[in-house]
Amino acid sequence: TNIITGGAGARYFGLGGSVKYRQDRISIYLRMVSTSNGQILKTVYVSKTILSQALDANFFRFVKFQRLLEAEMGITQNEPVQLAIQDALEKAVRSLIIEGVEGGYWSAKGGAAVNDTLVAEYRKEKALEESTALYDREFFEPLHKNSLSLNVGTTLLDADYTKKDFGPLVRLGYTYNINSAFGLNLNAGVFQFRTGNSIEEIFGNVDLNLRVRLLPNDAFSPFIYAGGGIIYKMDNNGDTSTPAQTSGKVQYGGGVEYALSPRWGLQLWGEHNLSFNDQLDGLVNGKRDDFFINIGLGLKYNFGFGKKENDLPEETINTNM
């Protein structure tokens with residue numbers, strides 16, 4: 001079965017080229033059946049991808065009046081189907097043999113010690129293969145309802161001063177995962193607005209967001225979020241003559257997240273914050289309220305109130321080659 005086809009190409013002034021690829025997949029089911037009563041004792045499923053690639057270049061141009069020059073060249077590489085089938089069959093037979101050892105239907109020549117080693121290696125390999133989804137995406141089941149994150153990054157204020165500089169940002173976050181896709185996210189951060197020599201002020205913020213993980217069962221997944229919050233100046237030093245610099249705001253953003261393990265993950269994100277105040281920089285000018293952009297990198301820790309890692313159900317082997 002063909003599961004993905006793609007390519008890219010370009011042509012300019014009669015000179016062009018392209019690259020194409022195709023990925024097919026074969027699937028094999030192998031069963032162990034009792035000859036005494038016809039009962040299916042074990043079943044394994046093995047799939048193998050077959051890759052095909054093509055690269056070509058061409059030239060098409062009039063070199064003089066009524067004289068057309070056309071040339072092309074290319075190369076195609078195809079993985080042999082018969083070798084892919086052979087690899088899949090050998091993998092299926094090997095898996096079925098070890099499944100039989102694990103089920104107690106037969107034993108290796110070396111006895112229990114060899115059996116235990118074979119089964120342990122097989123289970124490790126099986127867990128890795130079952131965590132790989134279509135297109136070699138690493139698959140996992142979220143185990144925890146709660147997560148904490150520590151983020152560092154930078155902020156850029158776009159207000160009434162022409163000069164704009166990036167300032168540092170530190171943020172703590174807590175997320176309650178309603179399910180594998182949706183979560184409520186609470187953030188508290190401290191950052192510095194910089195506008196050249198005019199402003200270097202420290203602000204804080206508190207946000208509440210609805211967060212959506214777009215590929216909830218992938219180790220690497222994009223996410224988006226949106227919500228509201230407040231922003232406030234932290235270094236007034238008791239100066240009551242300074243204009244009010246506390247404001248409500250709305251924010252939206254997105255990023256990508258990678259699960260290093262069921263407990264730990266990394267996330268890269270960016271967001272746009274729209275304040276309801278034109279005095280974040282202490283200056284009122286124009287009709288538009290001040291806004292700012294945050295970009296950050298964070299370390300995420302998952303914990304509590306979910307499934308335990310050893311509570312995951314075992315499944316029939318699904319081997320991707």
# chains A, B, ... in the order shown; residues from 1 in each chain; ligands from 1

$ residues_around --residues "Gly296 (chain A)" --least-positions-apart "2" --cutoff "12 Å" --atoms "only C-alpha atoms" --output "PyMOL selection string"
chain A and resi 149-156+167-172+189+191+253-256+266-271+293-294+298-299

$ residues_around --residues "Gly7 (chain A)" --least-positions-apart "5" --cutoff "12 Å" --atoms "only C-alpha atoms" --output "list in words"
Gly17, Ser18, Val19, Lys20, Tyr21, Arg22, Gln23, Ser52, Gln53, Ala54, Leu55 and Asp56 of chain A

$ atom_distance --atom1 "CA of Ala188 (chain A)" --atom2 "CA of Glu201 (chain A)"
17.2 Å

$ closest_residue --among "A:Leu210, A:Leu157, A:Leu184, A:Ile230" --to "Phe292 (chain A)" --atoms "only C-alpha atoms"
A:Leu157

$ atom_distance --atom1 "CA of Val190 (chain A)" --atom2 "CA of Lys145 (chain A)"
26.1 Å

$ residues_around --residues "Gly14 (chain A)" --least-positions-apart "2" --cutoff "7 Å" --atoms "only C-alpha atoms" --output "list of chain:residue names"
A:Arg11, A:Tyr12, A:Gly16, A:Phe59, A:Phe60, A:Arg61

$ write_last_selection --atoms "C-alpha atoms" --output "JSON list (two decimals), in the first residue's frame"
[["chain", "number", "residue", "atom", "x", "y", "z"],
["A", 11, "ARG", "CA", 12.30, 25.87, -13.18],
["A", 12, "TYR", "CA", 13.84, 29.19, -14.14],
["A", 16, "GLY", "CA", 14.92, 23.14, -13.89],
["A", 59, "PHE", "CA", 17.13, 22.14, -19.83],
["A", 60, "PHE", "CA", 14.66, 23.61, -22.33],
["A", 61, "ARG", "CA", 15.53, 26.75, -24.29]]

$ closest_residue --among "A:Lys124, A:Arg25, A:Lys163, A:Lys300" --to "Ile85 (chain A)" --atoms "only C-alpha atoms"
A:Arg25

$ select_by_dssp --residues "region 201-259 of chain A" --states "strand (DSSP E or B)" --output "ChimeraX atom specification"
/A:201-213,218,220-233,247-259

$ residues_around --residues "Val206 (chain A)" --least-positions-apart "4" --cutoff "12 Å" --atoms "only C-alpha atoms" --output "list in words"
Arg171, Leu172, Gly173, Tyr174, Asn185, Leu186, Asn187, Ala188, Gly189, Val190, Phe191, Gly227, Gly228, Gly229, Ile230, Ile231, Tyr232, Thr246, Ser247, Gly248, Lys249, Val250, Gln251 and Asn273 of chain A

$ write_last_selection --atoms "N, CA and C atoms" --output "CSV table (one decimal), in the first residue's frame"
chain,number,residue,atom,x,y,z
A,171,ARG,N,10.0,32.8,33.5
A,171,ARG,CA,8.6,32.4,33.7
A,171,ARG,C,8.5,31.0,34.4
A,172,LEU,N,7.6,31.0,35.3
A,172,LEU,CA,7.1,29.7,35.9
A,172,LEU,C,5.7,29.4,35.4
A,173,GLY,N,5.5,28.1,35.1
A,173,GLY,CA,4.2,27.7,34.6
A,173,GLY,C,3.7,26.4,35.2
A,174,TYR,N,2.3,26.4,35.3
A,174,TYR,CA,1.7,25.2,35.8
A,174,TYR,C,0.5,24.8,34.8
A,185,ASN,N,-3.6,26.4,31.5
A,185,ASN,CA,-2.2,26.8,31.8
A,185,ASN,C,-2.1,28.1,32.6
A,186,LEU,N,-1.4,28.1,33.7
A,186,LEU,CA,-1.3,29.3,34.5
A,186,LEU,C,0.2,29.7,34.5
A,187,ASN,N,0.5,30.9,34.2
A,187,ASN,CA,1.9,31.4,34.1
A,187,ASN,C,2.1,32.6,35.0
A,188,ALA,N,3.3,32.7,35.6
A,188,ALA,CA,3.7,33.9,36.3
A,188,ALA,C,5.2,34.2,35.9
A,189,GLY,N,5.4,35.4,35.4
A,189,GLY,CA,6.7,35.7,34.9
A,189,GLY,C,7.2,37.1,35.3
A,190,VAL,N,8.5,37.3,35.1
A,190,VAL,CA,9.2,38.6,35.4
A,190,VAL,C,10.0,38.9,34.2
A,191,PHE,N,10.0,40.1,33.6
A,191,PHE,CA,10.8,40.4,32.5
A,191,PHE,C,11.1,41.9,32.5
A,227,GLY,N,-5.5,33.2,25.9
A,227,GLY,CA,-6.1,33.5,27.2
A,227,GLY,C,-6.0,35.0,27.6
A,228,GLY,N,-6.1,35.3,28.9
A,228,GLY,CA,-6.0,36.6,29.4
A,228,GLY,C,-5.1,36.7,30.6
A,229,GLY,N,-4.8,37.9,31.1
A,229,GLY,CA,-4.0,38.1,32.2
A,229,GLY,C,-3.8,39.5,32.6
A,230,ILE,N,-2.9,39.8,33.5
A,230,ILE,CA,-2.5,41.1,33.9
A,230,ILE,C,-1.0,41.3,33.8
A,231,ILE,N,-0.6,42.6,33.6
A,231,ILE,CA,0.8,43.0,33.6
A,231,ILE,C,0.9,44.2,34.5
A,232,TYR,N,2.0,44.2,35.3
A,232,TYR,CA,2.2,45.3,36.3
A,232,TYR,C,3.7,45.6,36.4
A,246,THR,N,-0.2,49.3,35.3
A,246,THR,CA,-0.8,48.0,35.5
A,246,THR,C,-2.0,47.9,34.6
A,247,SER,N,-2.1,46.8,33.9
A,247,SER,CA,-3.1,46.7,32.8
A,247,SER,C,-3.5,45.2,32.6
A,248,GLY,N,-4.8,45.1,32.2
A,248,GLY,CA,-5.2,43.8,31.7
A,248,GLY,C,-4.7,43.5,30.3
A,249,LYS,N,-4.7,42.3,29.9
A,249,LYS,CA,-4.2,42.0,28.5
A,249,LYS,C,-4.8,40.7,28.1
A,250,VAL,N,-4.7,40.4,26.8
A,250,VAL,CA,-5.0,39.1,26.2
A,250,VAL,C,-3.7,38.7,25.5
A,251,GLN,N,-3.5,37.4,25.4
A,251,GLN,CA,-2.4,36.8,24.7
A,251,GLN,C,-2.7,35.6,23.9
A,273,ASN,N,1.3,39.5,23.0
A,273,ASN,CA,0.5,40.1,24.1
A,273,ASN,C,0.0,41.4,23.8

$ atom_distance --atom1 "CA of Asn2 (chain A)" --atom2 "CA of Lys42 (chain A)"
28.2 Å

$ closest_residue --among "A:Tyr258, A:Phe303, A:Phe13, A:Phe65" --to "Thr175 (chain A)" --atoms "only C-alpha atoms"
A:Phe303

$ residues_around --residues "Gly100 (chain A)" --least-positions-apart "6" --cutoff "9 Å" --atoms "only C-alpha atoms" --output "PyMOL selection string"
chain A and resi 32+41-42+106-107

$ decode --residues "region 97-251 of chain A" --atoms "C-alpha atoms" --output "PDB file, in the first residue's frame"
ATOM      1  CA  ILE A  97       9.475 -17.947  18.116  1.00  0.00           C
ATOM      2  CA  ILE A  98      10.204 -15.648  21.068  1.00  0.00           C
ATOM      3  CA  GLU A  99       6.478 -15.205  21.688  1.00  0.00           C
ATOM      4  CA  GLY A 100       6.315 -19.007  21.943  1.00  0.00           C
ATOM      5  CA  VAL A 101       9.213 -19.031  24.398  1.00  0.00           C
ATOM      6  CA  GLU A 102       7.490 -16.342  26.461  1.00  0.00           C
ATOM      7  CA  GLY A 103       4.205 -18.294  26.389  1.00  0.00           C
ATOM      8  CA  GLY A 104       5.893 -21.536  27.470  1.00  0.00           C
ATOM      9  CA  TYR A 105       5.189 -23.455  24.252  1.00  0.00           C
ATOM     10  CA  TRP A 106       8.869 -24.293  23.725  1.00  0.00           C
ATOM     11  CA  SER A 107      12.274 -23.432  25.121  1.00  0.00           C
ATOM     12  CA  ALA A 108      15.690 -22.396  23.881  1.00  0.00           C
ATOM     13  CA  LYS A 109      18.517 -24.936  23.972  1.00  0.00           C
ATOM     14  CA  GLY A 110      20.292 -23.028  26.754  1.00  0.00           C
ATOM     15  CA  GLY A 111      17.400 -23.375  29.165  1.00  0.00           C
ATOM     16  CA  ALA A 112      15.768 -20.815  31.461  1.00  0.00           C
ATOM     17  CA  ALA A 113      18.712 -18.382  31.509  1.00  0.00           C
ATOM     18  CA  VAL A 114      18.703 -18.037  27.716  1.00  0.00           C
ATOM     19  CA  ASN A 115      14.902 -17.849  27.669  1.00  0.00           C
ATOM     20  CA  ASP A 116      14.907 -14.957  30.140  1.00  0.00           C
ATOM     21  CA  THR A 117      17.549 -13.069  28.138  1.00  0.00           C
ATOM     22  CA  LEU A 118      15.686 -13.534  24.853  1.00  0.00           C
ATOM     23  CA  VAL A 119      12.343 -12.465  26.333  1.00  0.00           C
ATOM     24  CA  ALA A 120      13.837  -9.405  28.093  1.00  0.00           C
ATOM     25  CA  GLU A 121      15.501  -8.166  24.891  1.00  0.00           C
ATOM     26  CA  TYR A 122      12.336  -8.888  22.921  1.00  0.00           C
ATOM     27  CA  ARG A 123      10.130  -6.921  25.328  1.00  0.00           C
ATOM     28  CA  LYS A 124      12.495  -3.942  25.156  1.00  0.00           C
ATOM     29  CA  GLU A 125      12.487  -4.055  21.357  1.00  0.00           C
ATOM     30  CA  LYS A 126       8.708  -4.500  21.317  1.00  0.00           C
ATOM     31  CA  ALA A 127       8.135  -1.454  23.548  1.00  0.00           C
ATOM     32  CA  LEU A 128      10.293   0.699  21.252  1.00  0.00           C
ATOM     33  CA  GLU A 129       8.532  -0.513  18.106  1.00  0.00           C
ATOM     34  CA  GLU A 130       5.046  -0.038  19.563  1.00  0.00           C
ATOM     35  CA  SER A 131       5.934   3.558  20.456  1.00  0.00           C
ATOM     36  CA  THR A 132       6.647   4.365  16.791  1.00  0.00           C
ATOM     37  CA  ALA A 133       3.611   5.427  14.763  1.00  0.00           C
ATOM     38  CA  LEU A 134       3.119   6.047  11.041  1.00  0.00           C
ATOM     39  CA  TYR A 135       5.900   8.027   9.302  1.00  0.00           C
ATOM     40  CA  ASP A 136       8.319   7.067  12.118  1.00  0.00           C
ATOM     41  CA  ARG A 137       6.582   9.352  14.608  1.00  0.00           C
ATOM     42  CA  GLU A 138       7.476   8.505  18.204  1.00  0.00           C
ATOM     43  CA  PHE A 139       4.247   7.626  20.007  1.00  0.00           C
ATOM     44  CA  PHE A 140       3.517   7.642  23.726  1.00  0.00           C
ATOM     45  CA  GLU A 141       0.582   7.810  26.105  1.00  0.00           C
ATOM     46  CA  PRO A 142       0.533  10.827  28.485  1.00  0.00           C
ATOM     47  CA  LEU A 143       0.683   9.487  32.022  1.00  0.00           C
ATOM     48  CA  HIS A 144       0.287  12.573  34.223  1.00  0.00           C
ATOM     49  CA  LYS A 145      -2.367  15.223  34.732  1.00  0.00           C
ATOM     50  CA  ASN A 146      -0.101  17.993  36.017  1.00  0.00           C
ATOM     51  CA  SER A 147       3.087  19.669  34.858  1.00  0.00           C
ATOM     52  CA  LEU A 148       5.435  22.433  36.003  1.00  0.00           C
ATOM     53  CA  SER A 149       7.703  24.366  33.660  1.00  0.00           C
ATOM     54  CA  LEU A 150      10.640  26.747  34.038  1.00  0.00           C
ATOM     55  CA  ASN A 151      11.167  29.032  31.063  1.00  0.00           C
ATOM     56  CA  VAL A 152      13.809  31.566  30.086  1.00  0.00           C
ATOM     57  CA  GLY A 153      13.676  33.838  27.082  1.00  0.00           C
ATOM     58  CA  THR A 154      13.371  37.378  25.842  1.00  0.00           C
ATOM     59  CA  THR A 155      10.718  40.074  25.438  1.00  0.00           C
ATOM     60  CA  LEU A 156      10.311  42.948  22.989  1.00  0.00           C
ATOM     61  CA  LEU A 157       8.078  45.941  23.758  1.00  0.00           C
ATOM     62  CA  ASP A 158       6.381  47.660  20.813  1.00  0.00           C
ATOM     63  CA  ALA A 159       5.096  50.941  22.208  1.00  0.00           C
ATOM     64  CA  ASP A 160       5.573  54.672  21.568  1.00  0.00           C
ATOM     65  CA  TYR A 161       9.365  54.888  21.455  1.00  0.00           C
ATOM     66  CA  THR A 162      11.088  54.300  18.136  1.00  0.00           C
ATOM     67  CA  LYS A 163      14.042  52.432  19.648  1.00  0.00           C
ATOM     68  CA  LYS A 164      13.218  48.817  20.610  1.00  0.00           C
ATOM     69  CA  ASP A 165      15.541  46.338  22.335  1.00  0.00           C
ATOM     70  CA  PHE A 166      15.120  42.789  23.628  1.00  0.00           C
ATOM     71  CA  GLY A 167      15.017  42.258  27.374  1.00  0.00           C
ATOM     72  CA  PRO A 168      15.391  39.114  29.553  1.00  0.00           C
ATOM     73  CA  LEU A 169      12.439  36.998  30.690  1.00  0.00           C
ATOM     74  CA  VAL A 170      11.921  34.295  33.348  1.00  0.00           C
ATOM     75  CA  ARG A 171       8.639  32.425  33.727  1.00  0.00           C
ATOM     76  CA  LEU A 172       7.138  29.674  35.890  1.00  0.00           C
ATOM     77  CA  GLY A 173       4.180  27.724  34.563  1.00  0.00           C
ATOM     78  CA  TYR A 174       1.654  25.158  35.789  1.00  0.00           C
ATOM     79  CA  THR A 175      -0.579  23.129  33.460  1.00  0.00           C
ATOM     80  CA  TYR A 176      -3.537  20.926  34.374  1.00  0.00           C
ATOM     81  CA  ASN A 177      -4.197  18.473  31.540  1.00  0.00           C
ATOM     82  CA  ILE A 178      -7.943  17.995  31.119  1.00  0.00           C
ATOM     83  CA  ASN A 179      -7.167  15.200  28.651  1.00  0.00           C
ATOM     84  CA  SER A 180      -4.342  14.330  26.291  1.00  0.00           C
ATOM     85  CA  ALA A 181      -5.143  17.287  23.984  1.00  0.00           C
ATOM     86  CA  PHE A 182      -6.565  20.111  26.149  1.00  0.00           C
ATOM     87  CA  GLY A 183      -5.169  21.759  29.262  1.00  0.00           C
ATOM     88  CA  LEU A 184      -5.428  24.848  31.471  1.00  0.00           C
ATOM     89  CA  ASN A 185      -2.168  26.750  31.801  1.00  0.00           C
ATOM     90  CA  LEU A 186      -1.258  29.290  34.524  1.00  0.00           C
ATOM     91  CA  ASN A 187       1.923  31.366  34.142  1.00  0.00           C
ATOM     92  CA  ALA A 188       3.739  33.895  36.327  1.00  0.00           C
ATOM     93  CA  GLY A 189       6.716  35.737  34.908  1.00  0.00           C
ATOM     94  CA  VAL A 190       9.200  38.573  35.376  1.00  0.00           C
ATOM     95  CA  PHE A 191      10.762  40.425  32.452  1.00  0.00           C
ATOM     96  CA  GLN A 192      12.423  43.716  31.527  1.00  0.00           C
ATOM     97  CA  PHE A 193      11.257  46.171  28.880  1.00  0.00           C
ATOM     98  CA  ARG A 194      14.054  48.009  27.104  1.00  0.00           C
ATOM     99  CA  THR A 195      13.773  50.907  24.665  1.00  0.00           C
ATOM    100  CA  GLY A 196      17.349  52.077  24.161  1.00  0.00           C
ATOM    101  CA  ASN A 197      18.358  54.610  26.836  1.00  0.00           C
ATOM    102  CA  SER A 198      14.768  55.690  27.528  1.00  0.00           C
ATOM    103  CA  ILE A 199      13.342  52.762  29.477  1.00  0.00           C
ATOM    104  CA  GLU A 200      14.700  49.783  31.390  1.00  0.00           C
ATOM    105  CA  GLU A 201      11.764  48.802  33.562  1.00  0.00           C
ATOM    106  CA  ILE A 202      10.972  45.480  35.253  1.00  0.00           C
ATOM    107  CA  PHE A 203       7.435  44.121  34.894  1.00  0.00           C
ATOM    108  CA  GLY A 204       5.610  41.049  36.091  1.00  0.00           C
ATOM    109  CA  ASN A 205       2.634  39.194  34.683  1.00  0.00           C
ATOM    110  CA  VAL A 206       0.109  36.477  35.506  1.00  0.00           C
ATOM    111  CA  ASP A 207      -1.675  34.625  32.676  1.00  0.00           C
ATOM    112  CA  LEU A 208      -4.359  31.973  32.356  1.00  0.00           C
ATOM    113  CA  ASN A 209      -4.608  30.117  29.033  1.00  0.00           C
ATOM    114  CA  LEU A 210      -6.463  27.321  27.311  1.00  0.00           C
ATOM    115  CA  ARG A 211      -3.778  25.127  25.766  1.00  0.00           C
ATOM    116  CA  VAL A 212      -4.255  22.670  22.883  1.00  0.00           C
ATOM    117  CA  ARG A 213      -1.718  19.986  21.998  1.00  0.00           C
ATOM    118  CA  LEU A 214      -2.186  19.297  18.275  1.00  0.00           C
ATOM    119  CA  LEU A 215      -0.604  15.806  18.243  1.00  0.00           C
ATOM    120  CA  PRO A 216      -1.519  14.565  21.729  1.00  0.00           C
ATOM    121  CA  ASN A 217       0.067  11.103  21.398  1.00  0.00           C
ATOM    122  CA  ASP A 218       3.305  12.133  19.699  1.00  0.00           C
ATOM    123  CA  ALA A 219       6.534  12.725  21.566  1.00  0.00           C
ATOM    124  CA  PHE A 220       7.135  15.751  19.306  1.00  0.00           C
ATOM    125  CA  SER A 221       4.045  17.929  18.978  1.00  0.00           C
ATOM    126  CA  PRO A 222       3.106  21.526  18.172  1.00  0.00           C
ATOM    127  CA  PHE A 223       0.753  23.350  20.544  1.00  0.00           C
ATOM    128  CA  ILE A 224      -1.263  26.567  20.570  1.00  0.00           C
ATOM    129  CA  TYR A 225      -2.834  28.553  23.403  1.00  0.00           C
ATOM    130  CA  ALA A 226      -4.794  31.727  24.124  1.00  0.00           C
ATOM    131  CA  GLY A 227      -6.124  33.504  27.204  1.00  0.00           C
ATOM    132  CA  GLY A 228      -5.982  36.608  29.370  1.00  0.00           C
ATOM    133  CA  GLY A 229      -3.998  38.064  32.247  1.00  0.00           C
ATOM    134  CA  ILE A 230      -2.541  41.145  33.899  1.00  0.00           C
ATOM    135  CA  ILE A 231       0.778  42.963  33.612  1.00  0.00           C
ATOM    136  CA  TYR A 232       2.181  45.291  36.283  1.00  0.00           C
ATOM    137  CA  LYS A 233       5.300  47.366  36.914  1.00  0.00           C
ATOM    138  CA  MET A 234       7.504  46.045  39.737  1.00  0.00           C
ATOM    139  CA  ASP A 235      10.024  48.883  40.306  1.00  0.00           C
ATOM    140  CA  ASN A 236       7.994  52.069  40.936  1.00  0.00           C
ATOM    141  CA  ASN A 237       9.960  52.650  44.163  1.00  0.00           C
ATOM    142  CA  GLY A 238       6.934  54.300  45.728  1.00  0.00           C
ATOM    143  CA  ASP A 239       6.783  57.090  43.145  1.00  0.00           C
ATOM    144  CA  THR A 240       3.075  57.945  43.004  1.00  0.00           C
ATOM    145  CA  SER A 241       3.633  60.480  40.219  1.00  0.00           C
ATOM    146  CA  THR A 242       4.497  57.710  37.764  1.00  0.00           C
ATOM    147  CA  PRO A 243       1.556  56.927  35.419  1.00  0.00           C
ATOM    148  CA  ALA A 244      -0.405  53.774  36.144  1.00  0.00           C
ATOM    149  CA  GLN A 245       1.398  50.863  34.509  1.00  0.00           C
ATOM    150  CA  THR A 246      -0.846  47.987  35.539  1.00  0.00           C
ATOM    151  CA  SER A 247      -3.074  46.650  32.818  1.00  0.00           C
ATOM    152  CA  GLY A 248      -5.207  43.776  31.711  1.00  0.00           C
ATOM    153  CA  LYS A 249      -4.208  41.980  28.536  1.00  0.00           C
ATOM    154  CA  VAL A 250      -4.957  39.114  26.217  1.00  0.00           C
ATOM    155  CA  GLN A 251      -2.354  36.826  24.706  1.00  0.00           C
TER     156      GLN A 251
END
